[in-house]
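Okay, structure first, notes after.
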Amino acid sequence: MNFGLTNDQKMLQSEVRKFAENELAPLAPEIDISGEFPKESIKKLAELGLLGIFVPEKYGGSEFDYVSLAIAVEEISRACASTGVIVAVNNSLCAYPIMQFGTEEQKQKYLPLICSGEKIGAIGITEPNAGSDVAAMETTAVMEGDHYILNGTKRFITNAGEAGIFVIFAYTNKELKHKGISAFIVERDTPGFSLGKHEDLMGIRATANCELIYEDCKIPKENLLGEEGQGFYICMNTLDVSRIDIGAQAVGISQAALDEAVKYSKERVAFGRPICKFEMIQNMLAEMATQIHAARMLVYYAAWCKDAGIKRFSKEAAMAKYYAANISVDVTRKAVQIFGGYGYSKDYTVERLYRDAKILELYEGTSEIQKVVIASELLK
Amino acid sequence: MILNDKHLQFKKKVKEFADNVVAPRAIELDLKSEFPHDLVKKMGEMGLYGLFIPKKYGGAGLDTLSYAIAVEEISRACGSTGIFFAAHSSLAIAPIYIAGNEIQKQKWLIPLAKGEKIGSFGLTEPNAGSDASATETTVKLIGDEYIINGTKCFITSGHVADVIVLTATKDPSLGYHGISAFIVEKGTPGFILGKEEDKLGLRGSITSELIFEDCKIPKENLLGNEGDGFKIFMQTLDGGRISIGALALGIAQGALDATVKFVKTNSKNNRLLSRYQSIQSMIAEIGTEIEAARLLIHQSAALKDAGKPLTKEAAMAKYYASKIGMKATNIAIEIHGMLGLTKKYPVERFIRDEKLMEIGEGTSEIQKIVIARQILGK
Amino acid sequence: MDIIVCIKRVPQTAEAEVTIDSSGKDIEKDRLSFDINESDSYALEEAVILKEKFGGTITVISVGYQDTEDTLRIALAKGADNAIRVKAEDFEHIDGYKTSQILKSVIEKESYDLIFAGCIATDDAYSQVGVTLAELLNIPHASLVINIDTSENRADVNRELEEGLMGHLDISLPALFTIQTGINEPRYASLIAIRRAAKKEIKVIGQEEINKDNLLLNTEIEELFIPPKTKEVEILTGSPAESASKLAEIFKEKGLI
């Protein structure tokens with residue numbers, strides 16, 4: 001792994017950082033309170049090419065690599081965690097599986113829509129009774145003539161309220177257990193589809209997180225993604241990629257917390273001197289900075305594995321996601337601590353960051369699941 | 001793997017050496033507090049000492065990254081051998097390479113790099129540990145000779161060293177500015193070997209007190225210019241932090257390897273330990289942190305090789321690797337249970353060896369202050 | 001319409017703690033981040049807007065060290081066609097006047113209808129490179145430009161003056177304008193544009209092509225310093241009654257009442 005960034009990665013970083021600071025950060029407190037999906041921001045992100053970062057140019061993408069994906073998601077999340085995850089889901093959880101497993105027709109039809117932001121992407125894996133245990137899903141797809149008939153409910157789906165294109169997982173053959181799961185591309189206006197309740201979340205509140213309800217929803221046969229029974233594999237393969245950018249999101253949120261804490265510790269005076277002069281505060285800042293640095297390296301490393309064409313990087317992706325999420329909760333907690341009572345107030349950014357961080361340990365595989373993945377590789 | 005083919009090949013070579021030659025000696029060295037003269041010689045024959053030194057000075061002409069890899073691999077097998085190797089390479093060879101003139105390089109660097117002579121670095125004193133500006137060892141120039149007086153303590157390899165790089169001040173009230181660096185050879189009159197420390201871990205390495213009583217050294221043994229001492233050892237320590245980080249990492253990896261082996265071959269209630277999620281959770285946690293520590297160390301090494309500033313990154317690498325190293329060795333014992341406390345398994349040695357890493361070459365507290373200063377911008 | 005835009009890479013000091021380096025003539029730059037000078041980014045955007053309207057090419061030029069190429073590449077990604085870096089490392093001390101002379105010797109070999117520069121650099125704040133360059137090239141100029149309307153070979157420009165006043169000028173081309181911030185809304189470079197720009201070549205010009213012996217240095221920095229604190233602010237806290245009595249105390253102490 002080359003630890004330096006390339007010319008185009010450096011440029012991407014500086015432009016996305018500027019964009020995020022100027023255009024996204026000012027909206028972040030507002031959409032956190034209102035829970036409103038940042039449509040205007042998404043439009044601008046689409047214009048810059050951030051909704052299809054690694055998608056080939058011929059499908060409307062920007063054709064960058066996965067390290068660039070990590071850099072971009074980090075910078076966006078540093079300004080606004082909600083926007084960060086919207087972008088991450090669009091890229092890694094919707095565009096990626098279609099790009100990787102779709103037919104030429106599917107790619108030509110859907111990728112340009114997703115990259116241009118014309119249709120927002122989402123993915124449906126989780127169900128009310130199937131979270132970490134993916135194979136416990138109850139949604140079914142039954143072939144009838146030229147169609148699959150989809151029945152079931154998906155829950156906690158990021159982007160759902162605004163998305164136009166969904167990658168949905170369902171059993172085509174329950175008897176085969178996880179080998180009987182298949183993936184489908186489902187458009188929003190398909191009859192039989194409806195939105196369930198909108199989740200009122202603790203953090204990342206502007207992500208249009210909703211329930212998806214499918215009642216005898218008729219999906220054209222050609223919308224099967226990959227082959228029948230390939231769904232579980234597609235799901236796991238996709239999660240490996242998305243764990244890179246959830247790690248990146250964690251790094252971004254943590255970096256924002258450190259930036260805030262550094263700034264505040266220089267301004268806030270206690271016992272006659274700025275609190276940054278106290279070793280206990282320096283201790284926390286040093287720990288935070290080290291944790292963030294380590295997390296960023298793990299995220300870059302996982303992304304680099306993907307870029308280098310290493311087929312199996314589940315361990316590296318799980319390490320990046322697990323570690324970054326873990327330290328993100330800790331780093332934001334420390335930031336609140338440095339702010340004292342002010343950190344508990346909505347007037348200060350760290351209050352939001354602390355709430356935004358918690359989800360990182362839960363979605364796209366809980367920390368416990370990541371540890372199972374990591375341990376199974378280490379104990380091989 | 002993070003490394004390119006060249007580094008991978010190199011790692012494989014050192015790993016084989018560590019597994020086949022170093023590891024079998026580790027238990028004995030620890031039990032008998034024996035200095036591994038045989039391994040010292042063999043590492044020299046393998047050309048491991050001057051990894052980042054150009055070939056014309058007897059080195060291998062590789063880079064800091066290769067060096068970090070070598071420290072990790074050797075320490076994975078034996079911490080005592082690892083710390084000898086690290087001190088010799090990055091604390092004795094490095095300052096002479098950084099600041100020595102051509103004559104000094106010819107005279108001392110080449111034999112050190114080839115392993116014909118053993119090197120050591122005398123910085124710490126009874127009253128000057130983390131705060132090097134408190135150096136009390138004095139130096140006076142009289143005629144063509146420097147006269148050195150003072151005591152150095154906790155000096156790795158002191159008793160066996162042929163060449164010692166030393167710091168001394170011409171006036172303690174000058175703080176950093178008064179400090180210069182010198183080369184002292186074994187057998188110089190007035191250079192007395194004090195006591196040898198009996199330690200918790202790294203028992204196969206030698207830790208010495210060195211006493212200087214009107215010790216006269218020729219003027220040409222000054223390294224760099226007068227007053228350069230602080231600069232020279234700060235540069236040396238940036239590299240030294242990479243070494244200690246790599247050492248901590250190697251020991252942690254050794255502990256993880258031993259633990260993985262243990263849980264795959266030992267059962268409780270007719271179920272392999274590796275099947276228990278409590279065990280998996282611990283292994284995943286330390287496995288992740290070890291990987292992160294490795295990335296921090298390799299990144300610092302890459303920065304050094306690119307000639308970029310690395311004060312913050314090297315401090316982070318050292319602080320983090322030693323911290324997670326303690327955690328990893330502790331968990332390793334936890335998982336081994338009572339057996340982990342016995343000499344039958346290497347993990348009790350690992351935890352004893354690892355503790356030094358949080359203390360040597362700047363304690364964790366000092367590293368955190370260095371890091372904080374860097375991020376606070378002052 | 002061919003436009004040349006002069007840009008500068010400057011340290012971002014707005015929110016940073018600035019300290020003086022050991023020479024006493026410059027600031028510590030190790031920890032600062034760098035970016036295009038603020039008003040230069042508006043100048044570049046204005047050029048891109050005109051190019052979109054009238055066609056032609058945009059050339060960005062900067063006198064700077066190697067890392068200035070990062071800034072020039074971003075300019076390429078935002079719509080410039082060519083980029084030139086003049087090696088600052090070839091010319092020891094540089095002040096505003098010397099920069100203008102260097103730029104002149106490069107620009108006089110290029111064809112152009114318009115030259116844009118930012119109205120002020122946020123690092124040294126000389127505000128003179130653009131204007132001096134116009135004089136050296138012997139073309140008309142306008143400073144602090146906040147609106148531009150061009151036709152074939154003339155331009156109507158508004159200049160932003162103090163107190164909300166505007167000056168309206170009619171200028172014949174070729175001309176040089178120094179651009180005020182706020183004239184437009186600078187765009188961000190898209191990822192695809194970044195990827196293309198990363199591969200573009202930047203022309204690098206050294207002293208061989210400029211003849212540095214003829215360059216004059218008009219000024220020399222003697223010292224850069226942070227002035228000593230002369231005034232102190234004290235914020236009175238407590239209830240209105242408490243702070244009023246404290247205030248009265250202070251007035252009395254100073255002999256004001």
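Residue names in the structure tokens use chain letters A, B, ... in the order shown, residue numbers from 1 in each chain, and ligand numbers from 1 in the order shown.
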Open item on the list: Let's see if you can do this: from backbone DSSP, list all alpha helix (DSSP H) residues in stretch 90-218 of chain C, as number ranges by chain.
Closed with: C: 96-107, 129-137, 191-199
Task: Close residues, C:Pro186 itself excluded, 7 Å, only C-alpha atoms, min 2 positions apart in chain, as a list of chain:residue names - done: C:Ser41, C:Tyr42, C:Glu45, C:Asn184, C:Tyr188
Given the selection you just returned, output its residues as a file containing N, CA and C atoms, formatted as a PDB file, in the first residue's frame.
ATOM      1  N   SER C  41      -9.932  32.949  -7.146  1.00  0.00           N
ATOM      2  CA  SER C  41     -10.902  31.927  -7.525  1.00  0.00           C
ATOM      3  C   SER C  41     -12.113  32.572  -8.218  1.00  0.00           C
ATOM      4  N   TYR C  42     -12.433  33.815  -7.817  1.00  0.00           N
ATOM      5  CA  TYR C  42     -13.507  34.543  -8.510  1.00  0.00           C
ATOM      6  C   TYR C  42     -13.051  34.951  -9.915  1.00  0.00           C
ATOM      7  N   GLU C  45     -13.354  31.929 -12.088  1.00  0.00           N
ATOM      8  CA  GLU C  45     -14.753  31.635 -12.405  1.00  0.00           C
ATOM      9  C   GLU C  45     -15.276  32.616 -13.465  1.00  0.00           C
ATOM     10  N   ASN C 184     -19.197  36.632  -8.701  1.00  0.00           N
ATOM     11  CA  ASN C 184     -19.905  35.444  -9.195  1.00  0.00           C
ATOM     12  C   ASN C 184     -19.900  34.411  -8.076  1.00  0.00           C
ATOM     13  N   TYR C 188     -17.420  24.323  -8.018  1.00  0.00           N
ATOM     14  CA  TYR C 188     -16.533  23.255  -7.557  1.00  0.00           C
ATOM     15  C   TYR C 188     -16.214  22.385  -8.769  1.00  0.00           C
TER      16      TYR C 188
END
Task: Long-range neighbours of C:Ala43 as a list in words, 9 Å cut-off, only C-alpha atoms, 4 positions minimum in chain - done: Val5, Cys6, Ile7, Ser39, Ala47, Val48, Phe116, Ala117, Gly118, Cys119, Phe177, Thr178, Ile179, Gln180, Thr181, Ile183, Asn184 and Pro186 of chain C
TODO: Counting only C-alpha atoms, collect the residues of chain B whose closest atom lies at most 6 Å from chain A, and write them out as a PyMOL selection string.
DONE: chain B and resi 2+280-281+284+288+292+316+368+371-372
Open item on the list: Between A:Gly145, A:Gly229, A:Gly252, A:Pro274, which residue has the minimum interatomic distance to A:Val85, considering only C-alpha atoms?
Closed with: A:Gly252
Report the closest atom pair, with its distance in Å rounded to one decimal, for each residue of chain B that has an atom no farther than 10 Å from chain C; count only C-alpha atoms, sort by chain and then rising residue number, and write it as CSV.
residue,atom,partner,partner_atom,distance
B:Pro309,CA,C:Asp30,CA,9.2
B:Gln374,CA,C:Arg31,CA,8.8
B:Ile375,CA,C:Arg31,CA,9.2
B:Leu376,CA,C:Glu17,CA,9.5
B:Gly377,CA,C:Arg31,CA,7.2
B:Lys378,CA,C:Glu17,CA,8.9
With 8 Å as the cut-off and only C-alpha atoms counted, what is the closest atom pair between each nearby residue of chain C and chain A? Distances in Å to one decimal, ordered by chain and number, as a tab-separated table.
residue	atom	partner	partner_atom	distance
C:Asp70	CA	A:Met11	CA	7.3
C:Arg73	CA	A:Met11	CA	8.0
C:Ile74	CA	A:Met11	CA	6.6
C:Tyr188	CA	A:Glu15	CA	6.5
C:Ala189	CA	A:Glu15	CA	6.7
C:Ser190	CA	A:Leu48	CA	4.1
C:Leu191	CA	A:Gly49	CA	5.5
C:Ile192	CA	A:Ser62	CA	5.2
C:Ile194	CA	A:Asp8	CA	6.2
C:Arg195	CA	A:Asp8	CA	5.8
C:Ala198	CA	A:Asp8	CA	5.4
Can you list, as a PDB file with C-alpha atoms, in the first residue's frame, every protein, DNA or RNA residue that comes within 10 Å of stretch 176-184 of chain A when you count only C-alpha atoms, leaving out same-chain residues fewer than 3 positions away?
ATOM      1  CA  PRO A  97     -24.280  -4.462  -6.684  1.00  0.00           C
ATOM      2  CA  ILE A  98     -25.861  -3.419  -9.980  1.00  0.00           C
ATOM      3  CA  PHE A 101     -23.709  -8.295 -10.783  1.00  0.00           C
ATOM      4  CA  GLY A 102     -26.058  -6.596 -13.242  1.00  0.00           C
ATOM      5  CA  ILE A 123     -31.012  -1.455  -0.522  1.00  0.00           C
ATOM      6  CA  GLY A 124     -33.412  -3.734   1.356  1.00  0.00           C
ATOM      7  CA  ILE A 125     -31.806  -6.454   3.459  1.00  0.00           C
ATOM      8  CA  VAL A 134     -29.729 -12.290   7.165  1.00  0.00           C
ATOM      9  CA  ALA A 135     -30.895 -15.815   6.348  1.00  0.00           C
ATOM     10  CA  ALA A 136     -33.837 -15.378   8.730  1.00  0.00           C
ATOM     11  CA  MET A 137     -35.509 -13.072   6.225  1.00  0.00           C
ATOM     12  CA  THR A 139     -39.633 -11.830   2.229  1.00  0.00           C
ATOM     13  CA  THR A 140     -40.369 -14.153  -0.679  1.00  0.00           C
ATOM     14  CA  ALA A 141     -40.301 -13.847  -4.450  1.00  0.00           C
ATOM     15  CA  TYR A 148     -41.692 -12.527  -9.688  1.00  0.00           C
ATOM     16  CA  LEU A 150     -42.666 -10.150  -4.070  1.00  0.00           C
ATOM     17  CA  PHE A 166     -34.098  -0.496  -4.632  1.00  0.00           C
ATOM     18  CA  VAL A 167     -31.969  -3.612  -4.536  1.00  0.00           C
ATOM     19  CA  ILE A 168     -34.169  -6.040  -2.610  1.00  0.00           C
ATOM     20  CA  PHE A 169     -33.316  -9.463  -1.217  1.00  0.00           C
ATOM     21  CA  ALA A 170     -35.927 -12.201  -0.979  1.00  0.00           C
ATOM     22  CA  TYR A 171     -36.211 -15.966  -0.834  1.00  0.00           C
ATOM     23  CA  THR A 172     -36.882 -17.637  -4.142  1.00  0.00           C
ATOM     24  CA  ASN A 173     -36.436 -21.008  -2.475  1.00  0.00           C
ATOM     25  CA  GLU A 187     -38.446   0.414  -8.985  1.00  0.00           C
ATOM     26  CA  ILE A 219     -41.412  -7.464 -10.666  1.00  0.00           C
ATOM     27  CA  PRO A 220     -40.440  -8.201 -14.280  1.00  0.00           C
ATOM     28  CA  LYS A 221     -38.292 -11.321 -14.598  1.00  0.00           C
ATOM     29  CA  GLU A 222     -35.449  -9.339 -16.123  1.00  0.00           C
ATOM     30  CA  ASN A 223     -35.040  -7.426 -12.863  1.00  0.00           C
ATOM     31  CA  LEU A 224     -33.475 -10.420 -11.166  1.00  0.00           C
ATOM     32  CA  LEU A 225     -29.956  -9.319 -10.185  1.00  0.00           C
ATOM     33  CA  GLY A 226     -27.371 -12.017 -10.822  1.00  0.00           C
ATOM     34  CA  GLU A 227     -28.755 -15.511 -10.712  1.00  0.00           C
ATOM     35  CA  GLU A 228     -31.440 -17.065  -8.601  1.00  0.00           C
ATOM     36  CA  GLY A 229     -29.871 -18.155  -5.327  1.00  0.00           C
ATOM     37  CA  GLN A 230     -26.958 -15.763  -5.702  1.00  0.00           C
ATOM     38  CA  GLY A 231     -28.543 -13.198  -3.379  1.00  0.00           C
ATOM     39  CA  PHE A 232     -26.664 -14.064  -0.219  1.00  0.00           C
ATOM     40  CA  TYR A 233     -23.349 -13.892  -2.035  1.00  0.00           C
ATOM     41  CA  ILE A 234     -24.298 -10.570  -3.634  1.00  0.00           C
ATOM     42  CA  CYS A 235     -25.311  -9.270  -0.233  1.00  0.00           C
TER      43      CYS A 235
END
